[in-house]
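Just entry04.cif here, mmCIF, C-alpha atoms:
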data_model
#
loop_
_atom_site.label_atom_id
_atom_site.label_comp_id
_atom_site.auth_asym_id
_atom_site.auth_seq_id
_atom_site.Cartn_x
_atom_site.Cartn_y
_atom_site.Cartn_z
CA MET A 182 -5.05 8.85 -6.71
CA ASN A 183 -7.67 11.37 -5.69
CA GLY A 184 -10.33 8.74 -6.17
CA VAL A 185 -8.88 6.51 -3.48
CA SER A 186 -8.72 9.31 -0.91
CA ASN A 187 -12.33 10.22 -1.60
CA GLY A 188 -13.29 6.58 -1.21
CA VAL A 189 -11.63 6.35 2.18
CA SER A 190 -13.95 9.02 3.54
CA LYS A 191 -16.86 6.75 2.73
CA THR A 192 -15.55 4.11 5.11
CA TRP A 193 -17.05 5.87 8.14
CA ILE A 194 -20.48 5.75 6.53
CA ILE A 195 -20.03 2.02 6.04
CA ILE A 196 -18.88 1.55 9.62
CA ILE A 197 -22.07 3.08 11.01
CA GLY A 198 -24.30 1.11 8.69
CA VAL A 199 -22.63 -2.24 9.30
CA ALA A 200 -22.16 -2.01 13.08
CA ILE A 201 -25.51 -3.62 13.89
CA ILE A 202 -24.83 -6.53 11.56
CA LEU A 203 -21.37 -7.10 12.96
CA LEU A 204 -22.73 -7.39 16.50
CA ALA A 205 -23.77 -10.91 15.48
CA THR A 206 -20.10 -11.87 15.35
CA GLY A 207 -19.09 -9.85 18.40
CA VAL A 208 -17.59 -6.92 16.51
CA VAL A 209 -18.22 -3.35 17.63
CA GLN A 210 -15.05 -1.35 17.09
CA PHE A 211 -13.50 0.02 13.90
CA LEU A 212 -10.35 2.10 14.17
CA PHE A 213 -9.62 3.23 10.61
CA PRO A 214 -9.95 1.93 7.03
CA ARG A 215 -8.55 -1.56 6.54
CA SER A 216 -7.82 -1.87 10.24
CA ALA A 217 -7.89 -5.01 12.31
CA VAL A 218 -11.33 -5.29 13.91
CA SER A 219 -11.74 -5.86 17.64
CA PRO A 220 -14.32 -8.34 18.92
CA THR A 221 -16.39 -7.63 22.03
CA LEU A 222 -14.58 -9.20 24.93
CA PRO A 223 -14.94 -9.17 28.73
CA VAL A 224 -13.42 -6.09 30.32
CA ALA A 225 -10.59 -6.54 32.78
CA SER A 226 -11.14 -5.20 36.27
CA SER A 227 -8.34 -2.63 35.99
CA PRO A 228 -5.36 -4.89 36.76
CA SER A 229 -2.64 -3.02 38.57
CA VAL A 230 0.86 -2.74 37.16
CA GLU A 231 3.29 -3.22 40.01
CA ASN A 232 6.24 -1.59 38.29
CA ASN A 233 5.50 1.25 35.90
CA SER A 234 9.12 1.24 34.81
CA ALA A 235 8.88 -2.33 33.49
CA THR A 236 11.02 -3.05 30.48
CA SER A 237 10.09 -4.80 27.26
CA SER A 238 11.56 -8.02 28.68
CA ASP A 239 8.42 -8.33 30.85
CA SER A 240 6.29 -8.80 27.75
CA ILE A 241 8.84 -11.14 26.20
CA GLN A 242 8.79 -13.39 29.28
CA VAL A 243 5.00 -13.60 29.24
CA THR A 244 5.01 -14.37 25.53
CA ALA A 245 7.48 -17.20 26.02
CA SER A 246 5.45 -18.79 28.81
CA VAL A 247 2.26 -18.52 26.77
CA SER A 248 3.86 -20.07 23.68
CA THR A 249 4.68 -23.31 25.49
CA ASN A 250 0.96 -23.92 26.08
CA LYS A 251 -0.25 -23.40 22.52
CA LYS A 252 -1.39 -26.28 20.36
CA THR A 253 0.21 -26.93 17.02
CA LEU A 254 -1.90 -25.56 14.18
CA ASP A 255 -1.43 -25.21 10.47
CA LEU A 256 -1.55 -21.49 9.80
CA PRO A 257 -2.65 -19.82 6.55
CA SER A 258 0.37 -19.96 4.28
CA ILE A 259 2.25 -17.04 2.77
CA ALA A 260 1.46 -16.77 -0.94
CA LYS A 261 4.13 -17.70 -3.44
CA GLY A 262 6.19 -14.66 -4.39
CA ASP A 263 5.45 -12.78 -1.16
CA THR A 264 8.31 -12.06 1.20
CA ILE A 265 8.23 -10.67 4.72
CA ALA A 266 11.36 -8.71 5.54
CA SER A 267 10.43 -8.44 9.22
CA TRP A 268 7.51 -9.60 11.32
CA ASN A 269 7.98 -6.70 13.71
CA PHE A 270 6.55 -3.23 13.23
CA LYS A 271 5.85 -0.08 15.21
CA GLY A 272 2.87 -0.94 17.37
CA VAL A 273 0.75 1.55 19.27
CA TYR A 274 2.24 0.22 22.53
CA SER A 275 5.80 -0.05 21.28
CA ASP A 276 8.41 1.76 23.37
CA ASN A 277 5.93 2.25 26.21
CA PRO A 278 6.89 -0.25 28.96
CA GLU A 279 3.73 0.33 30.99
CA LEU A 280 1.43 -0.29 28.02
CA MET A 281 3.47 -3.28 26.92
CA THR A 282 3.05 -4.81 30.36
CA LYS A 283 -0.66 -4.04 30.22
CA ALA A 284 -0.94 -5.91 26.92
CA ALA A 285 0.94 -8.90 28.35
CA VAL A 286 -1.47 -9.04 31.29
CA GLU A 287 -4.44 -8.83 28.94
CA ILE A 288 -3.07 -11.65 26.78
CA LYS A 289 -2.78 -13.93 29.80
CA ARG A 290 -6.28 -12.98 30.95
CA LEU A 291 -7.82 -13.77 27.57
CA LEU A 292 -5.92 -17.05 27.35
CA ASN A 293 -7.44 -18.09 30.66
CA LEU A 294 -10.90 -17.69 29.11
CA ILE A 295 -10.17 -20.04 26.20
CA GLY A 296 -12.36 -23.14 26.30
CA LYS A 297 -14.56 -21.84 29.13
CA GLY A 298 -17.58 -21.30 26.86
CA THR A 299 -18.39 -17.85 28.20
CA TYR A 300 -17.12 -16.19 25.03
CA PRO A 301 -16.43 -17.70 21.60
CA ASP A 302 -12.86 -18.95 21.38
CA MET A 303 -12.63 -17.33 17.94
CA SER A 304 -13.30 -13.90 19.44
CA LEU A 305 -10.81 -14.52 22.23
CA TYR A 306 -8.08 -15.54 19.79
CA VAL A 307 -8.76 -12.45 17.68
CA GLY A 308 -8.60 -10.35 20.85
CA ILE A 309 -5.20 -11.86 21.70
CA ALA A 310 -3.99 -11.23 18.14
CA ASN A 311 -5.06 -7.60 18.47
CA GLN A 312 -2.98 -7.24 21.63
CA TYR A 313 0.04 -8.45 19.71
CA GLU A 314 -0.78 -5.90 17.01
CA LEU A 315 -0.56 -3.20 19.68
CA LEU A 316 2.84 -4.60 20.63
CA GLY A 317 4.01 -4.68 17.02
CA ASP A 318 4.57 -8.45 17.11
CA GLY A 319 3.35 -9.60 13.71
CA LYS A 320 4.43 -13.22 14.11
CA GLN A 321 2.36 -13.77 17.24
CA GLN A 322 -0.53 -11.86 15.68
CA TYR A 323 -0.34 -14.17 12.66
CA ASP A 324 -0.21 -17.20 14.93
CA TYR A 325 -3.33 -16.29 16.89
CA LEU A 326 -5.29 -15.23 13.83
CA GLY A 327 -4.51 -18.70 12.50
CA ARG A 328 -5.97 -20.17 15.68
CA ALA A 329 -9.06 -18.01 15.31
CA ILE A 330 -9.48 -19.28 11.75
CA GLY A 331 -9.00 -22.85 12.97
CA VAL A 332 -11.73 -22.70 15.62
CA SER A 333 -14.20 -20.62 13.60
CA GLY A 334 -15.02 -23.58 11.39
CA GLY A 335 -15.23 -21.28 8.40
CA GLY A 336 -18.13 -19.42 9.97
CA SER A 337 -16.60 -15.98 10.37
CA GLY A 338 -14.80 -13.65 8.00
CA LEU A 339 -13.38 -11.60 10.89
CA PRO A 340 -10.03 -13.39 11.38
CA TRP A 341 -9.51 -13.50 7.62
CA HIS A 342 -10.13 -9.76 7.33
CA ASN A 343 -7.68 -9.06 10.14
CA LEU A 344 -5.15 -11.38 8.53
CA GLY A 345 -5.49 -9.31 5.37
CA VAL A 346 -4.78 -6.16 7.36
CA LEU A 347 -1.67 -7.74 8.91
CA MET A 348 -0.31 -9.09 5.62
CA GLU A 349 -0.89 -5.75 3.91
CA ARG A 350 1.06 -4.03 6.67
CA LEU A 351 3.92 -6.51 6.30
CA GLY A 352 4.03 -6.06 2.53
CA ALA A 353 2.80 -9.56 1.66
CA LEU A 354 0.21 -8.19 -0.74
CA GLU A 355 -0.88 -11.37 -2.51
CA THR A 356 -1.36 -13.09 0.84
CA ALA A 357 -3.35 -10.06 1.96
CA ARG A 358 -5.46 -10.19 -1.19
CA VAL A 359 -6.33 -13.85 -0.63
CA ALA A 360 -7.25 -13.19 3.01
CA TYR A 361 -9.46 -10.18 2.21
CA GLU A 362 -11.17 -12.17 -0.53
CA LYS A 363 -11.74 -15.11 1.81
CA SER A 364 -13.64 -12.88 4.24
CA THR A 365 -16.06 -11.96 1.44
CA PHE A 366 -16.55 -15.63 0.54
CA ILE A 367 -17.35 -16.64 4.12
CA GLN A 368 -19.78 -13.80 4.87
CA PRO A 369 -20.80 -12.36 1.50
CA GLU A 370 -23.68 -10.45 3.03
CA PHE A 371 -21.36 -8.16 5.03
CA LYS A 372 -20.72 -4.93 3.21
CA PHE A 373 -17.69 -4.07 5.33
CA TYR A 374 -15.69 -7.02 4.00
CA HIS A 375 -16.55 -6.27 0.37
CA TYR A 376 -15.70 -2.60 0.71
CA ALA A 377 -12.42 -3.33 2.54
CA TYR A 378 -11.36 -5.83 -0.11
CA LEU A 379 -12.26 -3.59 -3.04
CA GLU A 380 -10.59 -0.61 -1.37
CA PHE A 381 -7.44 -2.70 -0.88
CA LEU A 382 -7.42 -3.71 -4.54
CA VAL A 383 -7.92 -0.15 -5.77
CA ALA A 384 -5.21 1.19 -3.45
CA ARG A 385 -2.65 -1.60 -3.75
CA MET A 386 -3.39 -3.48 -6.96
CA LYS A 387 -5.11 -0.98 -9.23
CA ASP A 388 -3.72 -2.71 -12.32
CA ASN A 389 -5.19 -6.09 -11.35
CA THR A 390 -8.27 -5.60 -13.50
CA ILE A 391 -9.40 -9.21 -13.22
CA ALA A 392 -9.47 -9.19 -9.42
CA ILE A 393 -11.17 -5.80 -9.21
CA GLU A 394 -13.86 -6.69 -11.76
CA LYS A 395 -14.44 -10.01 -10.01
CA GLU A 396 -14.85 -8.44 -6.58
CA TYR A 397 -17.03 -5.65 -7.94
CA ALA A 398 -19.35 -8.21 -9.54
CA SER A 399 -19.45 -10.21 -6.30
CA ALA A 400 -20.25 -7.11 -4.23
CA ILE A 401 -23.08 -6.09 -6.55
CA GLU A 402 -24.45 -9.63 -6.58
CA ASN A 403 -24.56 -9.81 -2.78
CA LEU A 404 -25.30 -6.21 -1.86
CA GLY A 405 -27.19 -4.86 -4.84
CA GLN A 406 -26.45 -1.46 -6.34
CA ASP A 407 -24.66 -0.17 -3.27
CA ALA A 408 -23.74 3.50 -3.60
CA ASP A 409 -20.35 3.26 -1.87
CA ILE A 410 -19.25 0.24 -3.87
CA LEU A 411 -20.41 1.90 -7.07
CA GLN A 412 -18.51 5.10 -6.27
CA LEU A 413 -15.28 3.29 -5.39
CA TYR A 414 -15.49 1.27 -8.61
CA SER A 415 -16.26 4.40 -10.64
CA GLU A 416 -13.28 6.24 -9.17
CA TRP A 417 -11.02 3.31 -10.05
CA LYS A 418 -12.32 3.31 -13.63
CA LYS A 419 -11.47 6.99 -13.93
CA SER A 420 -7.99 6.67 -12.44
#
Just dump the structure as structure tokens.
Amino acid sequence: MNGVSNGVSKTWIIIIGVAIILLATGVVQFLFPRSAVSPTLPVASSPSVENNSATSSDSIQVTASVSTNKKTLDLPSIAKGDTIASWNFKGVYSDNPELMTKAAVEIKRLLNLIGKGTYPDMSLYVGIANQYELLGDGKQQYDYLGRAIGVSGGGSGLPWHNLGVLMERLGALETARVAYEKSTFIQPEFKFYHYAYLEFLVARMKDNTIAIEKEYASAIENLGQDADILQLYSEWKKS
């Protein structure tokens, strides 16, 4: 649909306009439309990698040791009718042993900051989930987004948005829809979440008229006659 592609170009305008608002939740980086969002986290002091020829087993060993220390938590469930053929996907760091080791080191560093109070645990968990996204490990990403949701107390739409991105990538579209929608319920004043959800519906569920009309009405109610929302809706109507 030509309308969808034109709508995507509007995302950058939204990113600039919403950046100041998102600083309140520790968010400053957007990579591309419907991407997982990275919270602001402490920067590592350039940890050295002893063996640049490290294999993927290095990351696997770190993951295993980390998993034994995690608390049990009920994660957001997969919607009825959705199936996930594989939790693994091609991550940005996949097949690059040095970068995979770097991600493993970063995961351990962020885990050590949990509960210290210097940074919100929600942001740290999202940061860990994003490292697993780079590794292409969807199951661990799902796990840590669930932890972020658990500690946020329903106060942030960020982990729900990122969960929507993950579920969309894995083909669990109804689960993704619910997660995107949840982000708009939690922080209805954030344009980014409304636009991302409506863009997802138009791109992935263009025949779901009820959901699109509902989200459009919600966006207008909370944002007013926003030009980008109006254009995306208009392009869907014409498609």
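Of the residues under consideration (A:Leu413, A:Arg358, A:Val218, A:Trp268), A:Val218 shows the shortest atom-to-atom contact distance to A:Ile309 when counting all atoms listed in the file.
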Test item: the PyMOL selection byres ((chain A and resi 343) around 8) resolved as a PDB file with C-alpha atoms, in the coordinates of the input:
ATOM      1  CA  SER A 216      -7.820  -1.870  10.240  1.00  0.00           C
ATOM      2  CA  ALA A 217      -7.890  -5.010  12.310  1.00  0.00           C
ATOM      3  CA  VAL A 218     -11.330  -5.290  13.910  1.00  0.00           C
ATOM      4  CA  LEU A 326      -5.290 -15.230  13.830  1.00  0.00           C
ATOM      5  CA  LEU A 339     -13.380 -11.600  10.890  1.00  0.00           C
ATOM      6  CA  PRO A 340     -10.030 -13.390  11.380  1.00  0.00           C
ATOM      7  CA  TRP A 341      -9.510 -13.500   7.620  1.00  0.00           C
ATOM      8  CA  HIS A 342     -10.130  -9.760   7.330  1.00  0.00           C
ATOM      9  CA  LEU A 344      -5.150 -11.380   8.530  1.00  0.00           C
ATOM     10  CA  GLY A 345      -5.490  -9.310   5.370  1.00  0.00           C
ATOM     11  CA  VAL A 346      -4.780  -6.160   7.360  1.00  0.00           C
ATOM     12  CA  LEU A 347      -1.670  -7.740   8.910  1.00  0.00           C
TER      13      LEU A 347
END
message = As a check of understanding, name the residues that the PyMOL selection byres ((chain A and resi 283-295) around 7) selects in the supplied structure, as number ranges by chain.
response = A: 240, 243, 279-282, 296-297, 302, 305, 309, 312
note = atom CA of A:Tyr374 sits from atom CA of A:Tyr361 at a separation of 7.2 Å
message = To one decimal place in Å, what is the distance between atom CA of A:Glu370 and atom CA of A:Val307?
response = 21.0 Å
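Here the question is which of A:Leu316, A:Ala408, A:Tyr306, A:Gly262 gets nearest to A:Asn277 using only C-alpha atoms, and that residue is A:Leu316.
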query = If you apply the PyMOL selection byres ((chain A and resi 384-389) around 9) to this file, what residues do you get, as a PyMOL selection string?
reply = chain A and resi 182+185+349+354+379-383+390-394+417+420
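Between atom CA of A:Leu404 and atom CA of A:Ser219 lies a distance of 23.8 Å.
If all atoms listed in the file are the atoms counted, then among A:Gly331, A:Phe270, A:Thr264, A:Gly336 the closest residue to A:Leu315 is A:Phe270.
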task = Dump as a count of residues only all residues having an atom at most 7 Å from (-1.3, -17.8, 6.9), computed in the file's coordinates with all atoms listed in the file.
result = 6
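For the choices A:Pro369, A:Gly308, A:Gly298, A:Gly317, the atom-to-atom distance to A:Ser275 is smallest for A:Gly317 when using only C-alpha atoms.
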ask   = Any idea what's packed within 8 Å of A:Gln368, counting all atoms listed in the file, ignoring anything in its chain fewer than 3 positions away? Could you give it as a PyMOL selection string?
value = chain A and resi 336-338+364-365+371+374
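Comparing A:Ser399, A:Ser267, A:Ser304, A:Ser415 by their smallest distance to A:Val332, the closest is A:Ser304 (using only C-alpha atoms).
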